[in-house]
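Colleague: So here's start_31.cif, just mmCIF, C-alpha atoms and all ligand atoms:
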data_start
#
loop_
_atom_site.label_atom_id
_atom_site.label_comp_id
_atom_site.auth_asym_id
_atom_site.auth_seq_id
_atom_site.Cartn_x
_atom_site.Cartn_y
_atom_site.Cartn_z
CA MET A 256 -28.27 -34.44 24.51
CA PRO A 257 -26.15 -37.45 23.36
CA LEU A 258 -25.00 -37.40 19.77
CA SER A 259 -26.34 -40.08 17.48
CA GLY A 260 -23.80 -42.60 16.13
CA ALA A 261 -23.91 -41.13 12.62
CA LEU A 262 -23.50 -37.57 13.88
CA LYS A 263 -20.56 -38.64 16.06
CA LEU A 264 -18.91 -40.14 13.00
CA VAL A 265 -19.41 -36.93 11.01
CA VAL A 266 -18.07 -34.77 13.85
CA SER A 267 -15.00 -36.95 14.37
CA ALA A 268 -14.35 -37.04 10.60
CA LEU A 269 -14.57 -33.24 10.47
CA ALA A 270 -12.26 -32.91 13.49
CA ALA A 271 -9.76 -35.32 11.89
CA ALA A 272 -9.89 -33.34 8.64
CA LEU A 273 -9.27 -30.09 10.55
CA VAL A 274 -6.33 -31.60 12.46
CA ALA A 275 -4.89 -32.93 9.18
CA ALA A 276 -5.31 -29.55 7.48
CA LEU A 277 -3.59 -27.77 10.37
CA ALA A 278 -0.77 -30.33 10.36
CA ILE A 279 -0.20 -29.69 6.65
CA GLN A 280 -0.50 -25.94 7.10
CA PRO A 281 1.68 -24.95 10.09
CA GLU A 282 1.28 -21.30 9.13
CA LEU A 283 -2.49 -21.56 9.31
CA ARG A 284 -2.29 -23.41 12.61
CA ALA A 285 0.03 -20.76 14.10
CA ALA A 286 -2.21 -17.93 12.90
CA LEU A 287 -5.29 -19.59 14.35
CA ILE A 288 -3.69 -20.23 17.76
CA ALA A 289 -2.37 -16.65 17.85
CA GLN A 290 -5.77 -15.25 16.94
CA ILE A 291 -7.47 -17.16 19.77
CA ASN A 292 -4.82 -15.77 22.17
CA ASP A 293 -4.71 -12.23 20.77
CA PRO A 294 -2.53 -10.08 23.10
CA ALA A 295 -4.59 -7.02 22.18
CA ALA A 296 -7.03 -8.35 24.78
CA LEU A 297 -4.45 -7.74 27.56
CA PRO A 298 -4.74 -4.52 29.61
CA THR A 299 -3.02 -1.40 28.31
CA LEU A 300 -0.76 1.05 30.09
CA PRO A 301 -2.49 4.30 31.06
CA GLU A 302 0.42 6.29 29.62
CA ASP A 303 0.43 4.52 26.22
CA ALA A 304 -2.55 2.53 24.96
CA ARG A 305 -0.37 0.87 22.32
CA VAL A 306 1.38 -1.17 25.03
CA HIS A 307 -0.43 -4.23 26.41
CA PHE A 308 1.00 -6.27 29.25
CA GLU A 309 0.62 -9.10 31.69
CA ALA A 310 0.47 -7.80 35.26
CA GLN A 311 3.84 -9.29 36.24
CA ALA A 312 5.51 -7.58 33.28
CA ARG A 313 4.37 -4.06 34.16
CA ALA A 314 7.85 -2.63 34.80
CA ARG A 315 9.14 -3.93 31.46
CA ALA A 316 5.98 -2.70 29.73
CA GLU A 317 6.69 0.76 31.13
CA ALA A 318 10.26 0.51 29.81
CA ALA A 319 8.89 -0.52 26.40
CA ALA A 320 6.47 2.43 26.45
CA ALA A 321 9.30 4.81 27.27
CA ALA A 322 11.33 3.46 24.33
CA LEU A 323 8.42 3.24 21.90
CA PRO A 324 8.34 6.81 20.43
CA ALA A 325 12.04 6.67 19.48
CA ALA A 326 11.72 3.10 18.18
CA VAL A 327 8.72 4.05 16.01
CA ALA A 328 10.56 7.12 14.67
CA LYS A 329 13.64 5.00 13.93
CA ILE A 330 11.68 2.41 11.94
CA GLU A 331 9.76 5.08 10.03
CA ALA A 332 13.05 6.75 9.08
CA GLU A 333 14.71 3.44 8.13
CA HIS A 334 11.76 2.15 6.09
CA GLY A 335 11.04 5.56 4.59
CA ARG A 336 7.38 6.09 5.52
CA PRO A 337 5.01 6.13 8.52
CA PHE A 338 3.34 3.02 9.95
CA ALA A 339 0.17 2.01 8.12
CA ARG A 340 -1.55 1.88 11.53
CA PRO A 341 -0.37 2.25 15.12
CA PRO A 342 1.54 -0.84 16.28
CA VAL A 343 0.34 -3.00 19.18
CA VAL A 344 3.10 -3.99 21.60
CA ALA A 345 2.53 -6.83 24.09
CA VAL A 346 4.88 -7.60 26.97
CA PHE A 347 4.62 -11.05 28.56
CA ALA A 348 5.64 -12.44 31.94
CA ASP A 349 4.39 -16.00 31.52
CA ASP A 350 6.15 -18.40 29.14
CA ALA A 351 3.03 -20.44 28.39
CA ALA A 352 0.89 -17.36 27.64
CA TYR A 353 3.62 -15.97 25.39
CA ALA A 354 3.99 -19.30 23.55
CA ARG A 355 0.22 -19.38 22.91
CA ALA A 356 0.03 -15.75 21.78
CA ASN A 357 2.96 -16.02 19.35
CA GLY A 358 1.25 -19.00 17.72
CA LEU A 359 4.48 -21.00 17.56
CA GLY A 360 4.15 -22.72 20.93
CA ASP A 361 7.72 -21.60 21.62
CA ALA A 362 8.69 -19.27 24.48
CA ASP A 363 12.42 -19.31 23.61
CA ILE A 364 12.06 -16.92 20.66
CA VAL A 365 12.75 -13.54 22.22
CA GLY A 366 10.28 -11.56 20.12
CA VAL A 367 7.62 -12.41 17.54
CA SER A 368 5.48 -10.16 15.40
CA ARG A 369 2.15 -11.23 14.02
CA ALA A 370 -0.88 -9.39 12.66
CA GLY A 371 0.37 -5.96 13.71
CA ARG A 372 1.37 -7.09 17.21
CA ALA A 373 4.99 -6.94 18.43
CA MET A 374 5.18 -9.57 21.19
CA LEU A 375 8.03 -9.49 23.67
CA SER A 376 8.99 -12.63 25.56
CA PRO A 377 9.29 -13.07 29.34
CA ALA A 378 13.07 -13.42 28.84
CA LEU A 379 13.11 -9.67 28.15
CA CYS A 380 11.81 -9.15 31.70
CA GLN A 381 14.56 -11.38 33.09
CA ASN A 382 18.06 -12.35 32.01
CA GLU A 383 17.80 -10.72 28.56
CA SER A 384 16.28 -7.42 29.71
CA TRP A 385 19.19 -5.49 28.18
CA ARG A 386 17.84 -6.47 24.74
CA LEU A 387 14.37 -4.98 25.28
CA VAL A 388 14.80 -1.88 23.10
CA SER A 389 16.70 -3.59 20.29
CA VAL A 390 14.25 -6.50 20.09
CA LEU A 391 11.26 -4.11 20.27
CA THR A 392 12.71 -2.07 17.39
CA HIS A 393 13.39 -5.26 15.39
CA GLU A 394 9.80 -6.48 15.83
CA LEU A 395 8.46 -3.04 14.88
CA SER A 396 10.25 -3.37 11.55
CA HIS A 397 8.16 -6.49 10.83
CA VAL A 398 4.97 -4.82 12.05
CA HIS A 399 5.66 -1.83 9.80
CA PHE A 400 6.53 -3.91 6.73
CA PHE A 401 3.67 -6.38 6.99
CA GLY A 402 1.27 -3.63 8.07
CA TRP A 403 1.43 -2.12 4.61
CA ARG A 404 1.13 -5.37 2.67
CA PRO A 405 -2.26 -6.55 1.41
CA ARG A 406 -3.64 -9.72 2.96
CA GLY A 407 -2.52 -12.81 1.08
CA ALA A 408 0.39 -11.09 -0.69
CA PRO A 409 3.24 -13.57 -1.36
CA ARG A 410 5.65 -13.57 1.55
CA PRO A 411 9.22 -12.40 0.83
CA PRO A 412 12.05 -14.77 1.80
CA GLN A 413 12.99 -14.70 5.44
CA TRP A 414 16.53 -13.51 4.76
CA PHE A 415 15.04 -10.26 3.47
CA THR A 416 12.52 -9.55 6.24
CA GLU A 417 14.94 -10.54 9.00
CA GLY A 418 17.92 -8.77 7.44
CA LEU A 419 15.81 -5.64 7.05
CA ALA A 420 14.67 -5.80 10.69
CA VAL A 421 18.25 -6.26 11.96
CA LEU A 422 19.48 -3.42 9.75
CA ALA A 423 16.65 -1.07 10.77
CA SER A 424 17.12 -1.80 14.48
CA ASP A 425 20.93 -1.46 14.46
CA GLY A 426 21.37 -5.15 15.22
CA GLY A 427 18.21 -6.08 17.14
CA ALA A 428 17.86 -9.89 17.49
CA ALA A 429 21.43 -10.39 16.25
CA GLU A 430 23.18 -8.55 19.07
CA SER A 431 25.90 -11.11 19.77
CA VAL A 432 27.16 -11.22 16.17
CA SER A 433 28.67 -7.91 15.04
CA ASP A 434 28.89 -6.51 11.51
CA ALA A 435 32.62 -7.28 11.64
CA ASP A 436 31.96 -10.91 12.71
CA ALA A 437 29.48 -11.35 9.85
CA ALA A 438 31.82 -9.76 7.28
CA ARG A 439 34.69 -11.98 8.44
CA ALA A 440 32.52 -15.10 8.17
CA ILE A 441 31.49 -14.20 4.61
CA ARG A 442 35.12 -13.54 3.62
CA ASP A 443 36.15 -16.88 5.17
CA GLY A 444 33.60 -18.86 3.12
CA TYR A 445 30.79 -19.11 5.69
CA GLY A 446 28.29 -16.96 3.82
CA VAL A 447 24.57 -17.60 4.24
CA ILE A 448 22.72 -18.86 1.17
CA LEU A 449 19.87 -16.60 0.07
CA ASP A 450 17.08 -19.08 -0.48
CA ALA A 451 13.33 -18.63 -0.51
CA SER A 452 12.70 -20.65 2.64
CA ARG A 453 11.42 -19.75 6.09
CA TRP A 454 14.20 -19.90 8.65
CA THR A 455 12.04 -21.02 11.57
CA ASN A 456 14.29 -24.02 12.16
CA PHE A 457 17.45 -22.08 12.84
CA LEU A 458 19.64 -25.19 12.78
CA SER A 459 18.76 -25.73 9.13
CA ILE A 460 19.61 -22.24 7.84
CA PRO A 461 21.78 -22.92 4.78
CA PHE A 462 25.36 -21.63 4.74
CA ALA A 463 28.03 -22.22 2.07
CA ALA A 464 29.90 -23.98 4.92
CA ALA A 465 28.87 -24.23 8.58
CA PRO A 466 30.24 -21.17 10.41
CA PRO A 467 32.37 -22.29 13.36
CA CYS A 468 30.56 -22.04 16.68
CA GLY A 469 33.17 -21.98 19.47
CA ALA A 470 33.18 -23.79 22.82
CA GLY A 471 30.00 -23.17 24.83
CA CYS A 472 28.31 -21.57 21.83
CA ASP A 473 24.54 -22.12 21.47
CA LEU A 474 24.39 -23.41 17.90
CA ARG A 475 20.72 -22.54 17.32
CA SER A 476 20.94 -18.88 18.29
CA PHE A 477 24.42 -18.51 16.79
CA ARG A 478 23.28 -19.69 13.35
CA GLN A 479 20.19 -17.50 13.53
CA ARG A 480 22.09 -14.37 14.53
CA MET A 481 24.92 -15.01 12.05
CA ALA A 482 22.42 -15.45 9.20
CA TYR A 483 20.38 -12.41 10.21
CA ARG A 484 23.47 -10.22 10.58
CA GLN A 485 24.90 -11.30 7.22
CA ALA A 486 21.54 -10.58 5.55
CA ALA A 487 21.44 -7.16 7.26
CA LEU A 488 24.95 -6.38 6.02
CA PHE A 489 23.93 -7.29 2.47
CA ILE A 490 20.72 -5.24 2.56
CA GLY A 491 22.63 -2.26 3.97
CA TRP A 492 25.12 -2.59 1.10
CA LEU A 493 22.27 -2.67 -1.43
CA ARG A 494 20.65 0.40 0.12
CA ARG A 495 23.88 2.40 0.24
CA GLY A 496 24.64 1.47 -3.37
CA ASP A 497 21.36 2.87 -4.72
CA PRO A 498 18.99 4.39 -2.13
CA ALA A 499 16.35 5.29 -4.74
CA ALA A 500 16.28 1.75 -6.17
CA PHE A 501 16.02 0.31 -2.67
CA SER A 502 13.06 2.60 -1.92
CA ARG A 503 11.37 1.40 -5.11
CA LEU A 504 11.83 -2.18 -3.94
CA MET A 505 10.36 -1.39 -0.50
CA ARG A 506 7.31 0.34 -1.98
CA ALA A 507 6.73 -2.52 -4.44
CA LEU A 508 6.93 -5.13 -1.68
CA GLU A 509 4.71 -3.09 0.62
CA GLY A 510 2.23 -2.93 -2.26
CA GLY A 511 2.14 -6.74 -2.30
CA SER A 512 4.44 -7.51 -5.28
CA ALA A 513 6.13 -10.90 -5.41
CA PHE A 514 9.70 -10.68 -4.14
CA GLU A 515 11.88 -12.00 -6.99
CA PRO A 516 10.37 -9.92 -9.83
CA ALA A 517 10.15 -6.81 -7.63
CA PHE A 518 13.80 -7.23 -6.61
CA GLU A 519 15.00 -7.61 -10.19
CA ALA A 520 12.85 -4.73 -11.44
CA ALA A 521 14.26 -2.38 -8.80
CA LEU A 522 17.88 -3.56 -8.66
CA ASN A 523 18.39 -5.04 -12.15
CA ASP A 524 19.80 -8.38 -10.96
CA PRO A 525 18.61 -11.30 -8.85
CA PRO A 526 19.68 -11.33 -5.18
CA GLN A 527 22.17 -14.17 -5.65
CA ALA A 528 24.06 -12.26 -8.37
CA LEU A 529 24.23 -9.15 -6.21
CA TRP A 530 25.33 -11.25 -3.22
CA ARG A 531 28.32 -12.47 -5.27
CA ARG A 532 29.20 -8.85 -6.05
CA PHE A 533 28.79 -7.95 -2.37
CA ALA A 534 31.03 -10.84 -1.27
CA THR A 535 33.67 -9.81 -3.82
CA ALA A 536 33.55 -6.23 -2.52
CA LEU A 537 34.05 -7.58 1.03
CA GLN A 538 37.09 -9.58 -0.12
CA ALA A 539 38.57 -6.45 -1.69
CA SER A 540 38.13 -4.55 1.61
CA ARG A 541 39.98 -7.19 3.62
ZN ZN A 601 12.54 -10.96 13.12
#
Here is a file; write its structure as structure tokens.

Modeller:
Amino acid sequence: MPLSGALKLVVSALAAALVAALAIQPELRAALIAQINDPAALPTLPEDARVHFEAQARARAEAAAAALPAAVAKIEAEHGRPFARPPVVAVFADDAAYARANGLGDADIVGVSRAGRAMLSPALCQNESWRLVSVLTHELSHVHFFGWRPRGAPRPPQWFTEGLAVLASDGGAAESVSDADAARAIRDGYGVILDASRWTNFLSIPFAAAPPCGAGCDLRSFRQRMAYRQAALFIGWLRRGDPAAFSRLMRALEGGSAFEPAFEAALNDPPQALWRRFATALQASR
């Protein structure tokens, strides 16, 4: 039945309002798109129902399933407690399907976690297959951390969640920048700045000075991996310095506490002050 003129106007006004709201709220938009394309609807492997896959990615899904028990145990040991609920792992073969499921519309990000799902990109079936286990372990760190947090809890800064995931996965998602590379960059004045922002635009990650990216270097992934690895180094230093205080911070954040007050309550100083101490300690170890 054709819509009346007035009804058409109302519908188009509502649609415009929805589009405007989603434009203002990229997070909301991403979550909505991901929910519509939930990878939990994909078939599961008979040997491990936690692993979902697209048919063309079956071999990689089997490799992920084989690695999953050790990766889960590793994250539980690193984070200091079991998963709140079993993780869902999804292995994609198709760039477009992966881009829809991760909610970001981007197939170049090698792994994304969202709503308890660790999603692995088609690149991990192809030229980056050697990174499958490290990226899976990295994404499981996010699934574990956010799995405990209450809905709507204030999100910690990205340097913390990404640094934690790189630390817990022994370098997952930052493979091409080593601990030594990151330490050298900090000592040479190219330290990342610990701000409260989301680092989804990797070219805009703030550094004290832009770390040099040599000939043929992919600036976007270099800046991302350098920032992640420096954050991991810092978080590892914090944890080694006072394991009990670090555990208190983790439990507070998992309980939904806001990051800055929880950090100061557990570690007695704001992150920036401790970063200065960390950088000074790195200089002394030169
Ligand atoms: Zn990550």

Colleague: Have a look at A:Val306, A:Val421, A:Leu488, A:Leu323 and name the one nearest to ligand ZN 601 (chain A); count all atoms listed in the file.

Modeller: A:Val421

Colleague: Please, which residues are within 12 Å of (21.1, -14.0, -9.9) by the file's coordinates, counting all atoms listed in the file, and could they come as a PyMOL selection string?

Modeller: chain A and resi 449-450+515-516+518-519+522-532

Colleague: Could you please determine the separation between atom CA of A:Gly358 and atom CA of A:Ile291 in Å, to one decimal place?

Modeller: 9.1 Å

Colleague: Give me the residues near stretch 466-481 of chain A as a PyMOL selection string, where near means some atom within 7 Å (using all atoms listed in the file) and where sequence neighbours in that chain fewer than 5 positions away do not count.

Modeller: chain A and resi 428-429+432+437+440+445+457-458

Colleague: I'd like the contact shell of A:Ala325 - 12 Å cut-off, all atoms listed in the file, skipping same-chain residues fewer than 5 positions apart - returned as a list in words.

Modeller: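 The contact residues come out as Ala319, Ala320, Ile330, Glu331, Ala332, Val388, Ser389, Leu391, Thr392, Leu395 and Ser424 of chain A.
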
Colleague: Write out as a tab-separated table a residue-level contact list of chain A versus ligand ZN 601 (chain A) with cut-off 8 Å: for each qualifying residue the closest pair of atoms and the distance in Å to one decimal, counting only C-alpha atoms and all ligand atoms, rows sorted by chain and residue number upward.

Modeller:
residue	atom	partner	partner_atom	distance
A:Gly366	CA	A:ZN601	ZN	7.4
A:Val367	CA	A:ZN601	ZN	6.8
A:Ser368	CA	A:ZN601	ZN	7.5
A:His393	CA	A:ZN601	ZN	6.2
A:Glu394	CA	A:ZN601	ZN	5.9
A:His397	CA	A:ZN601	ZN	6.7
A:Thr416	CA	A:ZN601	ZN	7.0
A:Glu417	CA	A:ZN601	ZN	4.8
A:Ala420	CA	A:ZN601	ZN	6.1
A:Val421	CA	A:ZN601	ZN	7.5
A:Ala428	CA	A:ZN601	ZN	7.0

Colleague: Keeping only C-alpha atoms, write the selected residues as a compact mmCIF listing (two decimals), in the frame of the given file.

Modeller:
# COMPACT_ATOMS: atom_id res chain seq x y z
CA GLY A 366 10.28 -11.56 20.12
CA VAL A 367 7.62 -12.41 17.54
CA SER A 368 5.48 -10.16 15.40
CA HIS A 393 13.39 -5.26 15.39
CA GLU A 394 9.80 -6.48 15.83
CA HIS A 397 8.16 -6.49 10.83
CA THR A 416 12.52 -9.55 6.24
CA GLU A 417 14.94 -10.54 9.00
CA ALA A 420 14.67 -5.80 10.69
CA VAL A 421 18.25 -6.26 11.96
CA ALA A 428 17.86 -9.89 17.49

Colleague: Choose the residue, out of A:Ala296, A:Ala370, A:Ala507, A:Ala312, that has the smallest atom-to-atom separation from A:Val346; count all atoms listed in the file.

Modeller: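 Of all the options, A:Ala312 lies closest to A:Val346.
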
Colleague: Kindly indicate which residue among A:Val266, A:Val390, A:Leu493, A:Ala295 lies nearest to A:Ala521, using all atoms listed in the file for the distances.

Modeller: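 Among the listed residues, A:Leu493 lies closest to A:Ala521.
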
Colleague: So how many Å separate atom CA of A:Pro409 and atom CA of A:Ser459, to one decimal?

Modeller: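 Going from atom CA of A:Pro409 over to atom CA of A:Ser459, I get 22.3 Å.
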
Colleague: To one decimal in Å, tell me the separation between atom CA of A:Leu375 and atom CA of A:Ser512.

Modeller: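 These atoms are spaced 29.2 Å apart.
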
Colleague: Measuring atom to atom with only C-alpha atoms, identify which of A:Tyr483, A:Gly418, A:Tyr353, A:Asp434 is nearest to A:Ile288.

Modeller: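 For A:Ile288, the nearest of the given residues is A:Tyr353.
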
Colleague: Can you list, as a CSV table (one decimal) with C-alpha atoms, in the coordinates of the input, every protein, DNA or RNA residue that comes within 8 Å of A:Pro298 when you count all atoms listed in the file, leaving out same-chain residues fewer than 4 positions away?

Modeller:
chain,number,residue,atom,x,y,z
A,307,HIS,CA,-0.4,-4.2,26.4
A,308,PHE,CA,1.0,-6.3,29.2
A,309,GLU,CA,0.6,-9.1,31.7

Colleague: With only C-alpha atoms as the basis for distance, which of A:His334, A:Arg372, A:Arg305, A:Arg386 is at the shortest distance from A:Phe501?

Modeller: A:His334
